[in-house]
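A short worksheet on the structure shown next.
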Amino acid sequence: MEVIGTTADPLAFVRRSAKYRVLVPTMGALHQGHATLLRMARDAAGGAGEVWVSIFVNPLQFGPGADYERYPRAQNADEELCRGAGVDILFRPHVAEMYHDDRSIVVEENSLSRTLCGRSRPGHFAGVCTVVTKLFHLLAPNAAVFGEKDFQQLAIIRRLVRDLDFDIEIIAAPTLREPDGLACSSRNIYLTAEEREQATVIRAALSEAAQLAAAGEASTAKLLECTRRRIESAPLARIDYIDLVHCETLQSQTEADANSLLAAAVFFGRTRLIDNLRLA
Ligand code: PAF
């Protein structure tokens, strides 16, 4: 595995290898959920292709007072996980190189990012779109893997690729869960033991509502009420949002159908966790 620590000329590797490249963009603090992304990248790259990983904690996607400073950084463990997963190139640029002090361009998506997390985190998806655009230009991958846990991000990246004509295949990786159902996330390590125990309520609540929908309940109000009640049964949970949206437009639906996605963001202490479930 080669480690590139500068934006100076990552394309030199591209020109040298001319292999099929599958990129997994990350902010580091890699966990087993990322390992799933890396495995999917390996499969997509095949024996002859290469897996590239970027690790960059992107300041642009953290709001004021959010956890940019305390976001976990685990350089050695990350490098080890990448080596173990057979990653070919690890791209880990410095923030001062990625962003000029007088930078004046951002990439903003103006429809899908207005709902769900976009409402509670203004500017977040512009930060994501800007950095992903830069990574796509810098590393010129043929394909890139994103996790379905960040469902809204995935939908926005697909729109970015379509609207800005990137010739990049976007591969969706299913959410990996802990044995008790909690979605794997770099932020899970912030949780106290008590919060960690109660955080399983998110998945349980989404599943309960999904069962209700499968049994014929289509009223969004009722499905959301069922989800809310279950989440509020955990004393440490503070709901940021729960919504039922169309899985492509991400617009709220009044009635559930085969395209519905139930999504939630819930605080435990200062830690905000997200999860979602497609209603079959
Ligand atoms: O999902 C993430 O880790 C980040 O939002 C991403 C896509 C790497 C952009 O910084």
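The way I read the labels, and the way they are meant: chains A, B, ... in the order of the structure tokens, residue 1 as the first residue of every chain, and ligand 1 as the first ligand shown, with later ones counted on from there.
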Quick one: residues within 10 Å of Arg73 (chain A), only C-alpha atoms counted, chain neighbours fewer than 6 positions away excluded, as a PDB file with all heavy atoms, in the first residue's frame?
ATOM      1  N   MET A  27     -13.700   9.661   6.355  1.00  0.00           N
ATOM      2  CA  MET A  27     -13.096  10.645   7.256  1.00  0.00           C
ATOM      3  C   MET A  27     -12.252   9.921   8.310  1.00  0.00           C
ATOM      4  O   MET A  27     -11.951  10.484   9.363  1.00  0.00           O
ATOM      5  CB  MET A  27     -14.178  11.494   7.920  1.00  0.00           C
ATOM      6  CG  MET A  27     -14.962  12.313   6.895  1.00  0.00           C
ATOM      7  SD  MET A  27     -15.693  13.802   7.582  1.00  0.00           S
ATOM      8  CE  MET A  27     -16.767  13.128   8.814  1.00  0.00           C
ATOM      9  N   GLY A  28     -11.900   8.671   8.039  1.00  0.00           N
ATOM     10  CA  GLY A  28     -11.058   7.926   8.979  1.00  0.00           C
ATOM     11  C   GLY A  28     -11.853   7.390  10.152  1.00  0.00           C
ATOM     12  O   GLY A  28     -13.077   7.257  10.070  1.00  0.00           O
ATOM     13  N   ALA A  29     -11.146   7.062  11.252  1.00  0.00           N
ATOM     14  CA  ALA A  29     -11.751   6.369  12.399  1.00  0.00           C
ATOM     15  C   ALA A  29     -12.496   5.137  11.862  1.00  0.00           C
ATOM     16  O   ALA A  29     -13.677   4.927  12.138  1.00  0.00           O
ATOM     17  CB  ALA A  29     -12.686   7.288  13.186  1.00  0.00           C
ATOM     18  N   LEU A  30     -11.773   4.378  11.060  1.00  0.00           N
ATOM     19  CA  LEU A  30     -12.395   3.287  10.307  1.00  0.00           C
ATOM     20  C   LEU A  30     -12.864   2.171  11.238  1.00  0.00           C
ATOM     21  O   LEU A  30     -12.196   1.837  12.212  1.00  0.00           O
ATOM     22  CB  LEU A  30     -11.389   2.732   9.281  1.00  0.00           C
ATOM     23  CG  LEU A  30     -10.830   3.768   8.300  1.00  0.00           C
ATOM     24  CD1 LEU A  30      -9.844   3.107   7.342  1.00  0.00           C
ATOM     25  CD2 LEU A  30     -11.926   4.475   7.521  1.00  0.00           C
ATOM     26  N   ILE A  55      -8.725   9.473   3.330  1.00  0.00           N
ATOM     27  CA  ILE A  55      -9.050   9.804   4.723  1.00  0.00           C
ATOM     28  C   ILE A  55      -8.841  11.295   4.881  1.00  0.00           C
ATOM     29  O   ILE A  55      -7.725  11.800   4.742  1.00  0.00           O
ATOM     30  CB  ILE A  55      -8.151   9.032   5.710  1.00  0.00           C
ATOM     31  CG1 ILE A  55      -8.424   7.528   5.603  1.00  0.00           C
ATOM     32  CG2 ILE A  55      -8.408   9.525   7.142  1.00  0.00           C
ATOM     33  CD1 ILE A  55      -7.674   6.680   6.619  1.00  0.00           C
ATOM     34  N   PHE A  56      -9.931  12.001   5.121  1.00  0.00           N
ATOM     35  CA  PHE A  56      -9.832  13.449   5.275  1.00  0.00           C
ATOM     36  C   PHE A  56     -11.002  13.925   6.120  1.00  0.00           C
ATOM     37  O   PHE A  56     -12.166  13.770   5.726  1.00  0.00           O
ATOM     38  CB  PHE A  56      -9.862  14.124   3.890  1.00  0.00           C
ATOM     39  CG  PHE A  56      -9.771  15.625   3.955  1.00  0.00           C
ATOM     40  CD1 PHE A  56      -8.620  16.246   4.440  1.00  0.00           C
ATOM     41  CD2 PHE A  56     -10.836  16.431   3.546  1.00  0.00           C
ATOM     42  CE1 PHE A  56      -8.532  17.631   4.524  1.00  0.00           C
ATOM     43  CE2 PHE A  56     -10.757  17.811   3.616  1.00  0.00           C
ATOM     44  CZ  PHE A  56      -9.597  18.416   4.104  1.00  0.00           C
ATOM     45  N   VAL A  57     -10.696  14.447   7.302  1.00  0.00           N
ATOM     46  CA  VAL A  57     -11.762  14.998   8.149  1.00  0.00           C
ATOM     47  C   VAL A  57     -12.038  16.396   7.601  1.00  0.00           C
ATOM     48  O   VAL A  57     -11.224  17.306   7.749  1.00  0.00           O
ATOM     49  CB  VAL A  57     -11.347  15.033   9.641  1.00  0.00           C
ATOM     50  CG1 VAL A  57     -12.519  15.505  10.499  1.00  0.00           C
ATOM     51  CG2 VAL A  57     -10.884  13.656  10.110  1.00  0.00           C
ATOM     52  N   SER A 186     -18.559   5.865  13.181  1.00  0.00           N
ATOM     53  CA  SER A 186     -17.359   6.351  13.879  1.00  0.00           C
ATOM     54  C   SER A 186     -17.746   7.090  15.155  1.00  0.00           C
ATOM     55  O   SER A 186     -16.952   7.219  16.077  1.00  0.00           O
ATOM     56  CB  SER A 186     -16.568   7.299  12.978  1.00  0.00           C
ATOM     57  OG  SER A 186     -16.235   6.651  11.783  1.00  0.00           O
TER      58      SER A 186
END
Taking only C-alpha atoms and all ligand atoms into account, produce a table as a tab-separated table in which each residue of chain A with an atom at most 8 Å from an atom of ligand 1 appears once, together with its shortest atom pair and the distance in Å to one decimal, ordered by chain and rising number.
residue	atom	partner	partner_atom_place_in_ligand_line	distance
A:Val24	CA	ligand 1	8 (C)	7.9
A:Pro25	CA	ligand 1	8 (C)	4.4
A:Thr26	CA	ligand 1	8 (C)	3.6
A:Met27	CA	ligand 1	3 (O)	4.6
A:Gly28	CA	ligand 1	3 (O)	7.4
A:Ser54	CA	ligand 1	8 (C)	7.5
A:Ile55	CA	ligand 1	8 (C)	7.2
A:Phe56	CA	ligand 1	10 (O)	6.6
A:Val57	CA	ligand 1	10 (O)	6.4
A:Asn58	CA	ligand 1	10 (O)	5.3
A:Gln61	CA	ligand 1	10 (O)	7.1
A:Gly127	CA	ligand 1	10 (O)	7.6
A:Val128	CA	ligand 1	9 (C)	4.8
A:Cys129	CA	ligand 1	9 (C)	7.6
A:Val131	CA	ligand 1	10 (O)	6.1
A:Val132	CA	ligand 1	9 (C)	5.9
A:Phe146	CA	ligand 1	7 (C)	7.0
A:Gly147	CA	ligand 1	1 (O)	7.4
A:Asp150	CA	ligand 1	1 (O)	6.8
A:Gln153	CA	ligand 1	5 (O)	7.2
Please, which residues of region 55-97 of chain A, numbered as in this document, come out alpha helix (DSSP H) from DSSP, as JSON, numbers by chain? {"A": [75, 76, 77, 78, 79, 80, 81, 82, 83, 84, 95, 96, 97]}
Those residues you just picked out, can you put them in a file as a tab-separated table (two decimals), in the first residue's frame with all heavy atoms?
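Once written, part22.tsv looks like this:
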chain	number	residue	atom	x	y	z
A	75	GLN	N	-4.92	7.52	13.12
A	75	GLN	CA	-4.06	7.32	11.95
A	75	GLN	C	-3.48	5.91	11.83
A	75	GLN	O	-3.58	5.28	10.78
A	75	GLN	CB	-2.94	8.36	11.99
A	75	GLN	CG	-2.13	8.39	10.73
A	75	GLN	CD	-1.36	9.69	10.59
A	75	GLN	OE1	-1.90	10.77	10.82
A	75	GLN	NE2	-0.11	9.61	10.21
A	76	ASN	N	-2.89	5.42	12.94
A	76	ASN	CA	-2.21	4.12	12.83
A	76	ASN	C	-3.19	2.97	12.64
A	76	ASN	O	-2.98	2.09	11.80
A	76	ASN	CB	-1.34	3.86	14.08
A	76	ASN	CG	-0.20	4.86	14.14
A	76	ASN	OD1	0.16	5.46	13.13
A	76	ASN	ND2	0.34	5.08	15.34
A	77	ALA	N	-4.25	3.00	13.45
A	77	ALA	CA	-5.25	1.93	13.33
A	77	ALA	C	-5.89	1.95	11.94
A	77	ALA	O	-6.14	0.89	11.34
A	77	ALA	CB	-6.33	2.10	14.40
A	78	ASP	N	-6.13	3.15	11.41
A	78	ASP	CA	-6.73	3.26	10.08
A	78	ASP	C	-5.81	2.65	9.02
A	78	ASP	O	-6.24	1.93	8.12
A	78	ASP	CB	-6.98	4.73	9.71
A	78	ASP	CG	-8.19	5.31	10.43
A	78	ASP	OD1	-8.92	4.53	11.08
A	78	ASP	OD2	-8.37	6.54	10.37
A	79	GLU	N	-4.51	2.98	9.16
A	79	GLU	CA	-3.55	2.49	8.18
A	79	GLU	C	-3.50	0.96	8.22
A	79	GLU	O	-3.47	0.30	7.18
A	79	GLU	CB	-2.18	3.08	8.51
A	79	GLU	CG	-1.42	3.42	7.26
A	79	GLU	CD	-0.14	4.19	7.56
A	79	GLU	OE1	-0.22	5.31	8.10
A	79	GLU	OE2	0.94	3.63	7.27
A	80	GLU	N	-3.54	0.43	9.44
A	80	GLU	CA	-3.49	-1.02	9.62
A	80	GLU	C	-4.71	-1.68	8.97
A	80	GLU	O	-4.59	-2.69	8.26
A	80	GLU	CB	-3.51	-1.31	11.12
A	80	GLU	CG	-2.71	-2.53	11.52
A	80	GLU	CD	-2.61	-2.57	13.04
A	80	GLU	OE1	-1.89	-1.72	13.62
A	80	GLU	OE2	-3.28	-3.43	13.61
A	81	LEU	N	-5.90	-1.09	9.24
A	81	LEU	CA	-7.12	-1.68	8.67
A	81	LEU	C	-7.04	-1.66	7.13
A	81	LEU	O	-7.41	-2.64	6.48
A	81	LEU	CB	-8.35	-0.91	9.16
A	81	LEU	CG	-9.71	-1.53	8.84
A	81	LEU	CD1	-10.70	-1.31	9.99
A	81	LEU	CD2	-10.31	-0.99	7.55
A	82	CYS	N	-6.52	-0.57	6.58
A	82	CYS	CA	-6.43	-0.46	5.12
A	82	CYS	C	-5.46	-1.50	4.56
A	82	CYS	O	-5.75	-2.18	3.57
A	82	CYS	CB	-5.97	0.94	4.71
A	82	CYS	SG	-7.27	2.17	4.91
A	83	ARG	N	-4.30	-1.64	5.23
A	83	ARG	CA	-3.34	-2.66	4.77
A	83	ARG	C	-3.97	-4.04	4.80
A	83	ARG	O	-3.87	-4.82	3.85
A	83	ARG	CB	-2.10	-2.67	5.68
A	83	ARG	CG	-1.08	-1.65	5.28
A	83	ARG	CD	0.20	-1.77	6.14
A	83	ARG	NE	0.78	-0.45	6.31
A	83	ARG	CZ	1.43	0.20	5.34
A	83	ARG	NH1	1.63	-0.38	4.18
A	83	ARG	NH2	1.90	1.42	5.54
A	84	GLY	N	-4.65	-4.35	5.93
A	84	GLY	CA	-5.29	-5.66	6.10
A	84	GLY	C	-6.35	-5.92	5.04
A	84	GLY	O	-6.60	-7.06	4.67
A	95	VAL	N	-5.27	19.52	5.50
A	95	VAL	CA	-6.37	20.46	5.30
A	95	VAL	C	-5.91	21.73	4.59
A	95	VAL	O	-6.61	22.27	3.72
A	95	VAL	CB	-7.10	20.73	6.64
A	95	VAL	CG1	-6.28	21.56	7.58
A	95	VAL	CG2	-8.45	21.38	6.41
A	96	ALA	N	-4.71	22.21	4.91
A	96	ALA	CA	-4.24	23.47	4.31
A	96	ALA	C	-4.02	23.31	2.81
A	96	ALA	O	-4.09	24.29	2.06
A	96	ALA	CB	-2.95	23.90	4.99
A	97	GLU	N	-3.76	22.08	2.40
A	97	GLU	CA	-3.56	21.85	0.97
A	97	GLU	C	-4.90	21.70	0.25
A	97	GLU	O	-5.03	22.04	-0.93
A	97	GLU	CB	-2.77	20.56	0.76
A	97	GLU	CG	-1.29	20.77	0.62
A	97	GLU	CD	-0.65	19.53	0.04
A	97	GLU	OE1	-1.05	18.42	0.45
A	97	GLU	OE2	0.22	19.66	-0.82
Among the residues A:Arg103, A:Arg39, A:Arg238, A:His137, the one that comes closest to Ile171 (chain A) [using only C-alpha atoms]: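 Nearest candidate to Ile171 (chain A) out of A:Arg103, A:Arg39, A:Arg238, A:His137: A:Arg39.
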Enumerate as a PyMOL selection string all residues of region 138-274 of chain A assigned to strand (DSSP E or B) by DSSP on the backbone, naming them with the chain letters and numbers the document uses. chain A and resi 143-147+169-173+177+183+219+237-246+252+255+260-268+271-274
Closest of A:Ala280, A:Ile156, A:Ala209, A:Ile105 to Cys117 (chain A), counting only C-alpha atoms, is A:Ile156
I'd like the contact shell of Ala265 (chain A) - 7 Å cut-off, only C-alpha atoms, skipping same-chain residues fewer than 2 positions apart - returned as a PyMOL selection string. chain A and resi 239-242+267+272-275
Calculated over only C-alpha atoms, which of the candidates A:Ile89, A:Val14, A:Cys184, A:Ala66 has the smallest distance to Leu37 (chain A)? A:Cys184
Skipping near chain neighbours, those fewer than 4 positions away, what residues fall within 9 Å of Asn259 (chain A) using only C-alpha atoms, listed as a list in words? Val245, His246, Cys247, Glu248, Arg278, Leu279 and Ala280 of chain A
For Val106 (chain A), find every residue with an atom within 7 Å (counting only C-alpha atoms), except residues of its own chain fewer than 2 positions away, and show them as a VMD selection string. chain A and resid 104 108 126 130
Write out the residues from the selection above, keeping N, CA, C and O atoms, as a PDB file, in the first residue's frame.
ATOM      1  N   SER A 104     -13.248  30.318  -2.752  1.00  0.00           N
ATOM      2  CA  SER A 104     -14.514  31.041  -2.911  1.00  0.00           C
ATOM      3  C   SER A 104     -15.533  30.254  -3.735  1.00  0.00           C
ATOM      4  O   SER A 104     -16.508  30.824  -4.217  1.00  0.00           O
ATOM      5  N   GLU A 108     -22.957  23.082  -4.351  1.00  0.00           N
ATOM      6  CA  GLU A 108     -24.156  23.001  -3.531  1.00  0.00           C
ATOM      7  C   GLU A 108     -25.283  22.281  -4.269  1.00  0.00           C
ATOM      8  O   GLU A 108     -25.560  22.577  -5.432  1.00  0.00           O
ATOM      9  N   ALA A 126     -23.322  20.849   1.385  1.00  0.00           N
ATOM     10  CA  ALA A 126     -22.462  21.635   0.491  1.00  0.00           C
ATOM     11  C   ALA A 126     -21.001  21.287   0.796  1.00  0.00           C
ATOM     12  O   ALA A 126     -20.166  21.167  -0.109  1.00  0.00           O
ATOM     13  N   THR A 130     -18.652  19.522  -1.954  1.00  0.00           N
ATOM     14  CA  THR A 130     -17.420  20.213  -2.334  1.00  0.00           C
ATOM     15  C   THR A 130     -16.219  19.274  -2.195  1.00  0.00           C
ATOM     16  O   THR A 130     -15.407  19.133  -3.112  1.00  0.00           O
TER      17      THR A 130
END
